[in-house]
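A.B. asks: My structure is stored as my_file17.pdb, with PDB, C-alpha atoms.
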```pdb
ATOM      1  CA  MET A  27      20.051  -9.032  -4.494  1.00  0.00           C
ATOM      2  CA  ALA A  28      22.913  -7.151  -6.163  1.00  0.00           C
ATOM      3  CA  LEU A  29      20.720  -6.514  -9.209  1.00  0.00           C
ATOM      4  CA  LEU A  30      17.964  -5.093  -6.998  1.00  0.00           C
ATOM      5  CA  LEU A  31      20.410  -2.826  -5.164  1.00  0.00           C
ATOM      6  CA  GLU A  32      21.853  -1.680  -8.482  1.00  0.00           C
ATOM      7  CA  LYS A  33      18.366  -0.770  -9.715  1.00  0.00           C
ATOM      8  CA  VAL A  34      17.594   1.000  -6.459  1.00  0.00           C
ATOM      9  CA  THR A  35      20.823   2.989  -6.766  1.00  0.00           C
ATOM     10  CA  ARG A  36      20.064   3.958 -10.375  1.00  0.00           C
ATOM     11  CA  ARG A  37      16.624   5.100  -9.252  1.00  0.00           C
ATOM     12  CA  GLY A  38      18.166   7.658  -6.930  1.00  0.00           C
ATOM     13  CA  TRP A  39      17.812   5.802  -3.662  1.00  0.00           C
ATOM     14  CA  TYR A  40      20.832   4.835  -1.667  1.00  0.00           C
ATOM     15  CA  PRO A  41      21.096   1.062  -1.522  1.00  0.00           C
ATOM     16  CA  LEU A  42      19.388  -0.244   1.565  1.00  0.00           C
ATOM     17  CA  GLN A  43      21.009  -3.033   3.470  1.00  0.00           C
ATOM     18  CA  LEU A  44      18.900  -5.978   4.555  1.00  0.00           C
ATOM     19  CA  THR A  45      18.835  -4.694   8.140  1.00  0.00           C
ATOM     20  CA  SER A  46      17.572  -1.302   6.964  1.00  0.00           C
ATOM     21  CA  LYS A  47      14.847  -2.872   4.839  1.00  0.00           C
ATOM     22  CA  ILE A  48      13.683  -5.041   7.731  1.00  0.00           C
ATOM     23  CA  THR A  49      13.742  -2.086  10.144  1.00  0.00           C
ATOM     24  CA  ILE A  50      11.840   0.202   7.788  1.00  0.00           C
ATOM     25  CA  SER A  51       9.349  -2.583   7.065  1.00  0.00           C
ATOM     26  CA  GLY A  52       8.810  -3.084  10.807  1.00  0.00           C
ATOM     27  CA  ILE A  53       8.168   0.624  11.326  1.00  0.00           C
ATOM     28  CA  LEU A  54       5.700   0.662   8.435  1.00  0.00           C
ATOM     29  CA  LEU A  55       3.986  -2.454   9.823  1.00  0.00           C
ATOM     30  CA  ALA A  56       3.578  -0.711  13.177  1.00  0.00           C
ATOM     31  CA  LEU A  57       2.177   2.394  11.463  1.00  0.00           C
ATOM     32  CA  GLY A  58      -0.177   0.187   9.482  1.00  0.00           C
ATOM     33  CA  ILE A  59      -1.652  -1.099  12.742  1.00  0.00           C
ATOM     34  CA  LEU A  60      -1.558   2.195  14.676  1.00  0.00           C
ATOM     35  CA  LEU A  61      -3.008   4.567  12.060  1.00  0.00           C
ATOM     36  CA  PRO A  62      -6.208   2.580  11.427  1.00  0.00           C
ATOM     37  CA  SER A  63      -6.759   2.193  15.168  1.00  0.00           C
ATOM     38  CA  VAL A  64      -6.599   5.970  15.619  1.00  0.00           C
ATOM     39  CA  PHE A  65      -8.806   6.700  12.604  1.00  0.00           C
ATOM     40  CA  HIS A  66     -11.384   4.021  13.517  1.00  0.00           C
ATOM     41  CA  THR A  67     -11.620   5.508  17.011  1.00  0.00           C
ATOM     42  CA  PHE A  68     -13.154   8.560  15.358  1.00  0.00           C
ATOM     43  CA  GLY A  69     -15.163   6.535  12.799  1.00  0.00           C
ATOM     44  CA  MET A  70     -13.035   7.679   9.871  1.00  0.00           C
ATOM     45  CA  GLY A  71     -11.163   4.507   8.885  1.00  0.00           C
ATOM     46  CA  ILE A  72     -13.194   3.613   5.818  1.00  0.00           C
ATOM     47  CA  ILE A  73     -13.154   7.206   4.601  1.00  0.00           C
ATOM     48  CA  PHE A  74      -9.429   7.950   5.000  1.00  0.00           C
ATOM     49  CA  LEU A  75      -7.932   4.501   4.211  1.00  0.00           C
ATOM     50  CA  PRO A  76      -5.119   4.799   6.794  1.00  0.00           C
ATOM     51  CA  MET A  77      -3.929   1.203   6.375  1.00  0.00           C
ATOM     52  CA  HIS A  78      -3.036   1.868   2.743  1.00  0.00           C
ATOM     53  CA  ILE A  79      -0.529   4.667   3.399  1.00  0.00           C
ATOM     54  CA  PRO A  80       2.264   2.602   5.033  1.00  0.00           C
ATOM     55  CA  VAL A  81       1.863  -0.111   2.393  1.00  0.00           C
ATOM     56  CA  LEU A  82       2.155   2.315  -0.510  1.00  0.00           C
ATOM     57  CA  LEU A  83       5.166   3.978   1.129  1.00  0.00           C
ATOM     58  CA  GLY A  84       6.717   0.563   1.668  1.00  0.00           C
ATOM     59  CA  GLY A  85       6.628  -0.254  -2.019  1.00  0.00           C
ATOM     60  CA  PHE A  86       8.403   2.993  -2.836  1.00  0.00           C
ATOM     61  CA  ILE A  87      10.989   2.828  -0.056  1.00  0.00           C
ATOM     62  CA  VAL A  88      11.876  -0.858   0.352  1.00  0.00           C
ATOM     63  CA  GLY A  89      10.809  -2.179  -3.044  1.00  0.00           C
ATOM     64  CA  PRO A  90       8.202  -4.537  -4.441  1.00  0.00           C
ATOM     65  CA  VAL A  91       9.012  -7.674  -2.423  1.00  0.00           C
ATOM     66  CA  TYR A  92       9.137  -6.000   0.971  1.00  0.00           C
ATOM     67  CA  GLY A  93       6.235  -3.737  -0.006  1.00  0.00           C
ATOM     68  CA  ALA A  94       4.156  -6.805  -0.845  1.00  0.00           C
ATOM     69  CA  CYS A  95       5.086  -8.406   2.495  1.00  0.00           C
ATOM     70  CA  ILE A  96       4.069  -5.244   4.346  1.00  0.00           C
ATOM     71  CA  GLY A  97       0.753  -5.291   2.481  1.00  0.00           C
ATOM     72  CA  LEU A  98       0.178  -8.930   3.312  1.00  0.00           C
ATOM     73  CA  PHE A  99       0.994  -8.714   7.006  1.00  0.00           C
ATOM     74  CA  ILE A 100      -0.586  -5.392   8.045  1.00  0.00           C
ATOM     75  CA  PRO A 101      -4.225  -6.593   7.732  1.00  0.00           C
ATOM     76  CA  LEU A 102      -3.338  -9.971   9.255  1.00  0.00           C
ATOM     77  CA  LEU A 103      -1.535  -8.505  12.271  1.00  0.00           C
ATOM     78  CA  SER A 104      -4.131  -5.779  12.678  1.00  0.00           C
ATOM     79  CA  THR A 105      -6.903  -8.368  12.739  1.00  0.00           C
ATOM     80  CA  LEU A 106      -5.052 -10.490  15.287  1.00  0.00           C
ATOM     81  CA  LEU A 107      -4.157  -7.529  17.527  1.00  0.00           C
ATOM     82  CA  THR A 108      -7.177  -5.224  17.198  1.00  0.00           C
ATOM     83  CA  GLY A 109      -9.966  -7.230  15.556  1.00  0.00           C
ATOM     84  CA  MET A 110      -9.952  -4.836  12.582  1.00  0.00           C
ATOM     85  CA  PRO A 111     -10.503  -5.490   9.733  1.00  0.00           C
ATOM     86  CA  PRO A 112     -12.986  -8.268  10.430  1.00  0.00           C
ATOM     87  CA  THR A 113     -12.476 -11.797   9.147  1.00  0.00           C
ATOM     88  CA  MET A 114     -16.218 -12.295   8.645  1.00  0.00           C
ATOM     89  CA  PRO A 115     -17.295 -10.945   6.255  1.00  0.00           C
ATOM     90  CA  PRO A 116     -13.854 -11.714   4.831  1.00  0.00           C
ATOM     91  CA  ILE A 117     -12.677  -8.109   4.670  1.00  0.00           C
ATOM     92  CA  ALA A 118      -9.288  -8.877   6.249  1.00  0.00           C
ATOM     93  CA  GLN A 119      -8.570 -11.646   3.758  1.00  0.00           C
ATOM     94  CA  MET A 120      -9.546  -9.459   0.810  1.00  0.00           C
ATOM     95  CA  MET A 121      -7.489  -6.561   2.159  1.00  0.00           C
ATOM     96  CA  MET A 122      -4.478  -8.849   2.542  1.00  0.00           C
ATOM     97  CA  VAL A 123      -4.572  -9.486  -1.195  1.00  0.00           C
ATOM     98  CA  GLU A 124      -5.427  -5.880  -2.125  1.00  0.00           C
ATOM     99  CA  LEU A 125      -2.654  -4.376   0.002  1.00  0.00           C
ATOM    100  CA  THR A 126      -0.152  -6.973  -1.194  1.00  0.00           C
ATOM    101  CA  VAL A 127      -0.885  -5.781  -4.722  1.00  0.00           C
ATOM    102  CA  TYR A 128      -0.455  -2.136  -3.620  1.00  0.00           C
ATOM    103  CA  GLY A 129       2.968  -2.779  -2.110  1.00  0.00           C
ATOM    104  CA  LEU A 130       4.098  -4.956  -4.994  1.00  0.00           C
ATOM    105  CA  LEU A 131       2.966  -2.599  -7.746  1.00  0.00           C
ATOM    106  CA  THR A 132       4.267   0.642  -6.218  1.00  0.00           C
ATOM    107  CA  GLY A 133       7.718  -0.892  -5.887  1.00  0.00           C
ATOM    108  CA  PHE A 134       7.554  -2.595  -9.275  1.00  0.00           C
ATOM    109  CA  PHE A 135       6.451   0.464 -11.235  1.00  0.00           C
ATOM    110  CA  TYR A 136       8.760   2.826  -9.368  1.00  0.00           C
ATOM    111  CA  GLN A 137      11.932   0.826  -8.903  1.00  0.00           C
ATOM    112  CA  ASN A 138      11.795  -1.770 -11.665  1.00  0.00           C
ATOM    113  CA  LEU A 139      10.005   0.056 -14.480  1.00  0.00           C
ATOM    114  CA  ARG A 140      11.384   3.449 -13.363  1.00  0.00           C
ATOM    115  CA  GLN A 141       8.048   5.232 -13.609  1.00  0.00           C
ATOM    116  CA  GLY A 142       7.485   8.477 -11.725  1.00  0.00           C
ATOM    117  CA  VAL A 143       6.051   8.603  -8.222  1.00  0.00           C
ATOM    118  CA  PHE A 144       2.602   9.742  -9.329  1.00  0.00           C
ATOM    119  CA  VAL A 145       2.274   7.231 -12.184  1.00  0.00           C
ATOM    120  CA  SER A 146       3.471   4.389  -9.946  1.00  0.00           C
ATOM    121  CA  LEU A 147       1.009   5.400  -7.248  1.00  0.00           C
ATOM    122  CA  ILE A 148      -1.963   5.632  -9.630  1.00  0.00           C
ATOM    123  CA  MET A 149      -1.147   2.290 -11.280  1.00  0.00           C
ATOM    124  CA  ALA A 150      -0.800   0.559  -7.905  1.00  0.00           C
ATOM    125  CA  MET A 151      -4.043   2.062  -6.625  1.00  0.00           C
ATOM    126  CA  LEU A 152      -5.921   0.969  -9.750  1.00  0.00           C
ATOM    127  CA  GLY A 153      -4.374  -2.504  -9.657  1.00  0.00           C
ATOM    128  CA  GLY A 154      -5.224  -3.003  -5.986  1.00  0.00           C
ATOM    129  CA  ARG A 155      -8.783  -1.770  -6.434  1.00  0.00           C
ATOM    130  CA  ILE A 156      -9.368  -4.020  -9.440  1.00  0.00           C
ATOM    131  CA  VAL A 157      -8.066  -7.048  -7.535  1.00  0.00           C
ATOM    132  CA  TYR A 158     -10.306  -6.140  -4.578  1.00  0.00           C
ATOM    133  CA  GLY A 159     -13.298  -5.932  -6.942  1.00  0.00           C
ATOM    134  CA  ILE A 160     -12.531  -9.307  -8.479  1.00  0.00           C
ATOM    135  CA  LEU A 161     -12.217 -10.835  -5.012  1.00  0.00           C
ATOM    136  CA  GLY A 162     -15.518  -9.251  -3.964  1.00  0.00           C
ATOM    137  CA  ALA A 163     -17.240 -10.691  -7.010  1.00  0.00           C
ATOM    138  CA  LEU A 164     -15.752 -14.165  -6.613  1.00  0.00           C
ATOM    139  CA  ALA A 165     -15.008 -14.685  -2.904  1.00  0.00           C
ATOM    140  CA  LEU A 166     -18.000 -13.131  -1.126  1.00  0.00           C
ATOM    141  CA  PRO A 167     -20.505 -15.633  -2.598  1.00  0.00           C
ATOM    142  CA  LEU A 168     -18.330 -18.466  -1.233  1.00  0.00           C
ATOM    143  CA  PHE A 169     -19.162 -17.162   2.254  1.00  0.00           C
ATOM    144  CA  GLY A 170     -22.875 -16.898   1.484  1.00  0.00           C
ATOM    145  CA  LEU A 171     -22.673 -13.133   1.039  1.00  0.00           C
ATOM    146  CA  PRO A 172     -23.912 -11.157  -1.930  1.00  0.00           C
ATOM    147  CA  LYS A 173     -21.238 -10.561  -4.517  1.00  0.00           C
ATOM    148  CA  ILE A 174     -20.226  -7.071  -5.462  1.00  0.00           C
ATOM    149  CA  ASP A 175     -19.724  -5.929  -9.015  1.00  0.00           C
ATOM    150  CA  PHE A 176     -16.026  -6.266  -9.779  1.00  0.00           C
ATOM    151  CA  LEU A 177     -15.959  -2.621 -10.915  1.00  0.00           C
ATOM    152  CA  TYR A 178     -17.472  -1.410  -7.626  1.00  0.00           C
ATOM    153  CA  PRO A 179     -14.123  -0.434  -6.011  1.00  0.00           C
ATOM    154  CA  ILE A 180     -13.179   1.775  -8.959  1.00  0.00           C
ATOM    155  CA  THR A 181     -16.664   3.230  -9.491  1.00  0.00           C
ATOM    156  CA  THR A 182     -19.231   3.545  -6.685  1.00  0.00           C
ATOM    157  CA  GLY A 183     -16.754   2.471  -4.010  1.00  0.00           C
ATOM    158  CA  LEU A 184     -14.586   5.473  -4.823  1.00  0.00           C
ATOM    159  CA  VAL A 185     -17.193   7.903  -3.529  1.00  0.00           C
ATOM    160  CA  THR A 186     -16.764   6.968   0.140  1.00  0.00           C
ATOM    161  CA  SER A 187     -12.995   6.804  -0.097  1.00  0.00           C
ATOM    162  CA  ILE A 188     -12.355  10.030  -2.040  1.00  0.00           C
ATOM    163  CA  PRO A 189     -10.856  11.787   1.016  1.00  0.00           C
ATOM    164  CA  GLY A 190      -8.442   8.888   1.583  1.00  0.00           C
ATOM    165  CA  ILE A 191      -7.513   8.718  -2.084  1.00  0.00           C
ATOM    166  CA  LEU A 192      -6.824  12.450  -2.156  1.00  0.00           C
ATOM    167  CA  ILE A 193      -4.669  12.158   0.959  1.00  0.00           C
ATOM    168  CA  GLN A 194      -2.712   9.344  -0.693  1.00  0.00           C
ATOM    169  CA  LEU A 195      -2.285  11.267  -3.943  1.00  0.00           C
ATOM    170  CA  ILE A 196      -0.936  14.298  -2.076  1.00  0.00           C
ATOM    171  CA  LEU A 197       0.889  12.803   0.913  1.00  0.00           C
ATOM    172  CA  ILE A 198       2.664   9.803  -0.660  1.00  0.00           C
ATOM    173  CA  PRO A 199       4.436  11.713  -3.481  1.00  0.00           C
ATOM    174  CA  VAL A 200       5.463  14.481  -1.067  1.00  0.00           C
ATOM    175  CA  LEU A 201       6.921  11.965   1.398  1.00  0.00           C
ATOM    176  CA  VAL A 202       8.688   9.909  -1.268  1.00  0.00           C
ATOM    177  CA  LEU A 203      10.223  12.974  -2.913  1.00  0.00           C
ATOM    178  CA  ALA A 204      11.265  14.369   0.489  1.00  0.00           C
ATOM    179  CA  ILE A 205      12.986  11.085   1.351  1.00  0.00           C
ATOM    180  CA  GLU A 206      14.750  11.053  -2.011  1.00  0.00           C
ATOM    181  CA  LYS A 207      15.863  14.657  -1.573  1.00  0.00           C
ATOM    182  CA  ARG A 208      17.144  13.935   1.924  1.00  0.00           C
ATOM    183  CA  ASN A 209      19.064  10.882   0.695  1.00  0.00           C
ATOM    184  CA  HIS A 210      20.755  12.985  -1.999  1.00  0.00           C
ATOM    185  CA  GLN A 211      21.996  15.449   0.617  1.00  0.00           C
ATOM    186  CA  PHE A 212      24.126  12.788   2.311  1.00  0.00           C
TER     187      PHE A 212
END
```
Before we go any further, please render this structure as structure tokens.
C.D. replies:
Amino acid sequence: MALLLEKVTRRGWYPLQLTSKITISGILLALGILLPSVFHTFGMGIIFLPMHIPVLLGGFIVGPVYGACIGLFIPLLSTLLTGMPPTMPPIAQMMMVELTVYGLLTGFFYQNLRQGVFVSLIMAMLGGRIVYGILGALALPLFGLPKIDFLYPITTGLVTSIPGILIQLILIPVLVLAIEKRNHQF
């Protein structure tokens, strides 16, 4: 724990206490359930990828372990509370793995490997999409569904989610840098 806090401090973030990490994670979990509900009300959930935003932020703010936990639990809790994403076809299960990778990789690249915000974000997004493609190719046939090409999420699947990806590429770095700047003022 001390090593993690030391790395977080060197990165420019003030060390977060356990209570702060849990509180921030809880807020991000709530956002991860609320945002998709709002977007799906207007039929824009698949286009704008609102569930991804709190997970990606979580990796940057609370680190790879908590970010991964946020990514794991948002789809699960959302499914239990709202019925979205569905469990059949196994979208929720696949998203649990994909978003876990997002949270883990953003925190890992940013806090552990000390990469920039944009590089960390791009690497996490690519990693999560590749894992989702592999799951689609391997897991969907187990449920009697047609498999998707494992490159689908980073090729054809990008077309429908371009607005969400652009929002992530603009919004996440701005928020992370604003939080860092605010932390340096205190």
A.B. asks: Calculate how many Å separate CA of Gln119 (chain A) from CA of Ile198 (chain A), rounding to one decimal.
C.D. replies: 24.6 Å
A.B. asks: Run through the PyMOL selection byres ((chain A and resi 103) around 12) on the given coordinates and return the selected residues as number ranges by chain.
C.D. replies: A: 52, 55-60, 77, 95-102, 104-113, 118-119, 121-122
A.B. asks: Save the residues we just selected, C-alpha atoms, as an mmCIF file, keeping the file's coordinate frame?
C.D. replies:
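Contents of the output file selection-v4.cif:
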```cif
data_model
loop_
_atom_site.group_PDB
_atom_site.id
_atom_site.type_symbol
_atom_site.label_atom_id
_atom_site.label_comp_id
_atom_site.auth_asym_id
_atom_site.auth_seq_id
_atom_site.Cartn_x
_atom_site.Cartn_y
_atom_site.Cartn_z
ATOM 1 C CA GLY A 52 8.810 -3.084 10.807
ATOM 2 C CA LEU A 55 3.986 -2.454 9.823
ATOM 3 C CA ALA A 56 3.578 -0.711 13.177
ATOM 4 C CA LEU A 57 2.177 2.394 11.463
ATOM 5 C CA GLY A 58 -0.177 0.187 9.482
ATOM 6 C CA ILE A 59 -1.652 -1.099 12.742
ATOM 7 C CA LEU A 60 -1.558 2.195 14.676
ATOM 8 C CA MET A 77 -3.929 1.203 6.375
ATOM 9 C CA CYS A 95 5.086 -8.406 2.495
ATOM 10 C CA ILE A 96 4.069 -5.244 4.346
ATOM 11 C CA GLY A 97 0.753 -5.291 2.481
ATOM 12 C CA LEU A 98 0.178 -8.930 3.312
ATOM 13 C CA PHE A 99 0.994 -8.714 7.006
ATOM 14 C CA ILE A 100 -0.586 -5.392 8.045
ATOM 15 C CA PRO A 101 -4.225 -6.593 7.732
ATOM 16 C CA LEU A 102 -3.338 -9.971 9.255
ATOM 17 C CA SER A 104 -4.131 -5.779 12.678
ATOM 18 C CA THR A 105 -6.903 -8.368 12.739
ATOM 19 C CA LEU A 106 -5.052 -10.490 15.287
ATOM 20 C CA LEU A 107 -4.157 -7.529 17.527
ATOM 21 C CA THR A 108 -7.177 -5.224 17.198
ATOM 22 C CA GLY A 109 -9.966 -7.230 15.556
ATOM 23 C CA MET A 110 -9.952 -4.836 12.582
ATOM 24 C CA PRO A 111 -10.503 -5.490 9.733
ATOM 25 C CA PRO A 112 -12.986 -8.268 10.430
ATOM 26 C CA THR A 113 -12.476 -11.797 9.147
ATOM 27 C CA ALA A 118 -9.288 -8.877 6.249
ATOM 28 C CA GLN A 119 -8.570 -11.646 3.758
ATOM 29 C CA MET A 121 -7.489 -6.561 2.159
ATOM 30 C CA MET A 122 -4.478 -8.849 2.542
#
```
A.B. asks: So which one's closest to Met114 (chain A), A:Thr49, A:Phe74, A:Phe169, A:Gly183? Using only C-alpha atoms, please.
C.D. replies: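 Going through A:Thr49, A:Phe74, A:Phe169, A:Gly183 one by one, the smallest distance to Met114 (chain A) is for A:Phe169.
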A.B. asks: Applying the PyMOL selection byres ((chain A and resi 136) around 9) to the file I just gave you, which residues come out? Please list them as a ChimeraX atom specification.
C.D. replies: /A:37,85-86,89-90,131-135,137-143,145-147
A.B. asks: By how many Å are CA of Val88 (chain A) and CA of Met120 (chain A) apart?
C.D. replies: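 Calculated distance between CA of Val88 (chain A) and CA of Met120 (chain A) is 23.1 Å.
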A.B. asks: Expand the PyMOL selection byres ((chain A and resi 161-168) around 10) into the explicit residue set it covers here, and present it as a PDB file with C-alpha atoms, in the coordinates of the input.
C.D. replies:
```
ATOM      1  CA  MET A 114     -16.218 -12.295   8.645  1.00  0.00           C
ATOM      2  CA  PRO A 115     -17.295 -10.945   6.255  1.00  0.00           C
ATOM      3  CA  PRO A 116     -13.854 -11.714   4.831  1.00  0.00           C
ATOM      4  CA  ILE A 117     -12.677  -8.109   4.670  1.00  0.00           C
ATOM      5  CA  GLN A 119      -8.570 -11.646   3.758  1.00  0.00           C
ATOM      6  CA  MET A 120      -9.546  -9.459   0.810  1.00  0.00           C
ATOM      7  CA  MET A 121      -7.489  -6.561   2.159  1.00  0.00           C
ATOM      8  CA  VAL A 123      -4.572  -9.486  -1.195  1.00  0.00           C
ATOM      9  CA  GLU A 124      -5.427  -5.880  -2.125  1.00  0.00           C
ATOM     10  CA  ARG A 155      -8.783  -1.770  -6.434  1.00  0.00           C
ATOM     11  CA  ILE A 156      -9.368  -4.020  -9.440  1.00  0.00           C
ATOM     12  CA  VAL A 157      -8.066  -7.048  -7.535  1.00  0.00           C
ATOM     13  CA  TYR A 158     -10.306  -6.140  -4.578  1.00  0.00           C
ATOM     14  CA  GLY A 159     -13.298  -5.932  -6.942  1.00  0.00           C
ATOM     15  CA  ILE A 160     -12.531  -9.307  -8.479  1.00  0.00           C
ATOM     16  CA  PHE A 169     -19.162 -17.162   2.254  1.00  0.00           C
ATOM     17  CA  GLY A 170     -22.875 -16.898   1.484  1.00  0.00           C
ATOM     18  CA  LEU A 171     -22.673 -13.133   1.039  1.00  0.00           C
ATOM     19  CA  PRO A 172     -23.912 -11.157  -1.930  1.00  0.00           C
ATOM     20  CA  LYS A 173     -21.238 -10.561  -4.517  1.00  0.00           C
ATOM     21  CA  ILE A 174     -20.226  -7.071  -5.462  1.00  0.00           C
ATOM     22  CA  ASP A 175     -19.724  -5.929  -9.015  1.00  0.00           C
ATOM     23  CA  PHE A 176     -16.026  -6.266  -9.779  1.00  0.00           C
ATOM     24  CA  LEU A 177     -15.959  -2.621 -10.915  1.00  0.00           C
ATOM     25  CA  TYR A 178     -17.472  -1.410  -7.626  1.00  0.00           C
ATOM     26  CA  PRO A 179     -14.123  -0.434  -6.011  1.00  0.00           C
TER      27      PRO A 179
END
```
A.B. asks: How far is it from CA of Gly93 (chain A) to CA of Val81 (chain A), in Å with one decimal?
C.D. replies: 6.2 Å
A.B. asks: For Leu197 (chain A), which residue among A:Pro80, A:Pro62, A:Asn209, A:Val127 is the nearest when counting all atoms listed in the file?
C.D. replies: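 Nearest to Leu197 (chain A): A:Pro80.
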A.B. asks: Point out the residue among A:Leu83, A:Ala94, A:Thr182, A:Thr126 with the least atom-to-atom distance to Ile50 (chain A), counting all atoms listed in the file.
C.D. replies: A:Leu83
